[in-house]
Amino acid sequence: MRSIPRNFEGEPGIARRDKIPIAAKAAGTAFLAALIPIYLRTYGPTNFLWFCDVALIITVIGMWLESSLLISMCAVGILLPQFLWLADFGINLFGIHFLGLTAYMFDPHIPIFTRGLSLFHGWLPLLLIWLLHRLGYDKRALIPWGILATVLVLVCYFFTPPAGAHPADPNTPININNVYGFNDARPQTWINQNLYVALWISMLWLIVFIPTHLILRKIFSAPAPSSICGS
């Protein structure tokens, strides 16, 4: 006897339909399949400690799982920084140095294809907004992303090269996630470095994560009950 299709709430009705098209999931996976080995060869494994790289990987996983929680976590963490990246890149195109976030995009020592892959910083925030529109914003996202970001900052501080370092491989990332200030040429000197890291974590929460969380809660609807359970 054939079963009756059921909708998201488990009631008789239309069968479940994916909210994220399979083509989008496949495209994200294909991009990661190209980016990960190239980044590993060019920059090394520590490059994947950057907030944006972590968010990219989690976003693709979240697309396959159709997890509003995972997508919302990435949105809380990187929407604002990535829009700043876009602004800095656009201004740099005119030869004007703005925030220094995209100087590496104009470094001739890095292969142009590798730099081209970094353009994901431009389309990732747009993808996240589209995914939030389809899946909803999960208000639980703030705490897990904040904890993950805090751990990443501490790992980068204690285990990766500081600003001003000169690794044997010049492409090895230094000052990852700005744990030594905003000048890669030298660590900040205006306060004790340990205090700076503590303040940096606090500022990320207060200026980036919490405001973004509050804005997203107002703009996007909450995920459907079945999506929450599935997250």
# chains A, B, ... in the order shown; residues from 1 in each chain; ligands from 1
>>> residues_around(residues="region 149-161 of chain A", least_positions_apart="6", cutoff="8 Å", atoms="only C-alpha atoms", output="list of chain:residue names")
A:Thr46, A:Leu49, A:Trp50, A:Phe51, A:Gly77, A:Pro167, A:Pro173, A:Ile174, A:Asn175, A:Ile176, A:Asn177, A:Val179, A:Tyr180, A:Val197, A:Ile201
>>> closest_residue(among="A:Asp18, A:Leu148, A:Leu199, A:Gly164", to="Ala185 (chain A)", atoms="only C-alpha atoms")
A:Gly164
>>> select_by_dssp(residues="region 6-230 of chain A", states="alpha helix (DSSP H)", output="number ranges by chain")
A: 22-42, 51-65, 68-92, 112-117, 120-135, 142-159, 193-203, 210-219, 225-230
>>> residues_around(residues="Ala75 (chain A)", least_positions_apart="2", cutoff="12 Å", atoms="only C-alpha atoms", output="ChimeraX atom specification")
/A:51-52,54-56,58-59,62,68-73,77-83,124-133,136-139,141-142,145-146,208-217,220
>>> atom_distance(atom1="CA of His166 (chain A)", atom2="CA of Tyr104 (chain A)")
15.7 Å
>>> decode(residues="region 120-149 of chain A", atoms="C-alpha atoms", output="PDB file, in the first residue's frame")
ATOM      1  CA  PHE A 120      34.588  34.022  -2.554  1.00  0.00           C
ATOM      2  CA  HIS A 121      34.874  36.756   0.074  1.00  0.00           C
ATOM      3  CA  GLY A 122      32.709  38.813  -2.247  1.00  0.00           C
ATOM      4  CA  TRP A 123      29.956  36.320  -3.047  1.00  0.00           C
ATOM      5  CA  LEU A 124      29.835  34.434   0.261  1.00  0.00           C
ATOM      6  CA  PRO A 125      27.875  37.173   2.112  1.00  0.00           C
ATOM      7  CA  LEU A 126      25.376  37.304  -0.754  1.00  0.00           C
ATOM      8  CA  LEU A 127      25.034  33.524  -0.638  1.00  0.00           C
ATOM      9  CA  LEU A 128      24.450  33.634   3.114  1.00  0.00           C
ATOM     10  CA  ILE A 129      21.718  36.242   2.738  1.00  0.00           C
ATOM     11  CA  TRP A 130      20.010  34.077   0.108  1.00  0.00           C
ATOM     12  CA  LEU A 131      20.286  31.020   2.361  1.00  0.00           C
ATOM     13  CA  LEU A 132      18.833  32.933   5.309  1.00  0.00           C
ATOM     14  CA  HIS A 133      15.934  33.958   3.098  1.00  0.00           C
ATOM     15  CA  ARG A 134      15.247  30.313   2.286  1.00  0.00           C
ATOM     16  CA  LEU A 135      15.977  28.723   5.665  1.00  0.00           C
ATOM     17  CA  GLY A 136      15.305  31.501   8.159  1.00  0.00           C
ATOM     18  CA  TYR A 137      17.574  32.899  10.870  1.00  0.00           C
ATOM     19  CA  ASP A 138      18.163  30.695  13.900  1.00  0.00           C
ATOM     20  CA  LYS A 139      18.552  32.890  16.980  1.00  0.00           C
ATOM     21  CA  ARG A 140      20.660  30.203  18.653  1.00  0.00           C
ATOM     22  CA  ALA A 141      23.524  31.035  16.264  1.00  0.00           C
ATOM     23  CA  LEU A 142      25.182  33.774  18.324  1.00  0.00           C
ATOM     24  CA  ILE A 143      26.581  31.640  21.148  1.00  0.00           C
ATOM     25  CA  PRO A 144      28.087  28.753  19.137  1.00  0.00           C
ATOM     26  CA  TRP A 145      29.678  31.102  16.607  1.00  0.00           C
ATOM     27  CA  GLY A 146      31.007  33.335  19.384  1.00  0.00           C
ATOM     28  CA  ILE A 147      32.555  30.340  21.134  1.00  0.00           C
ATOM     29  CA  LEU A 148      34.062  29.042  17.885  1.00  0.00           C
ATOM     30  CA  ALA A 149      35.505  32.461  17.056  1.00  0.00           C
TER      31      ALA A 149
END
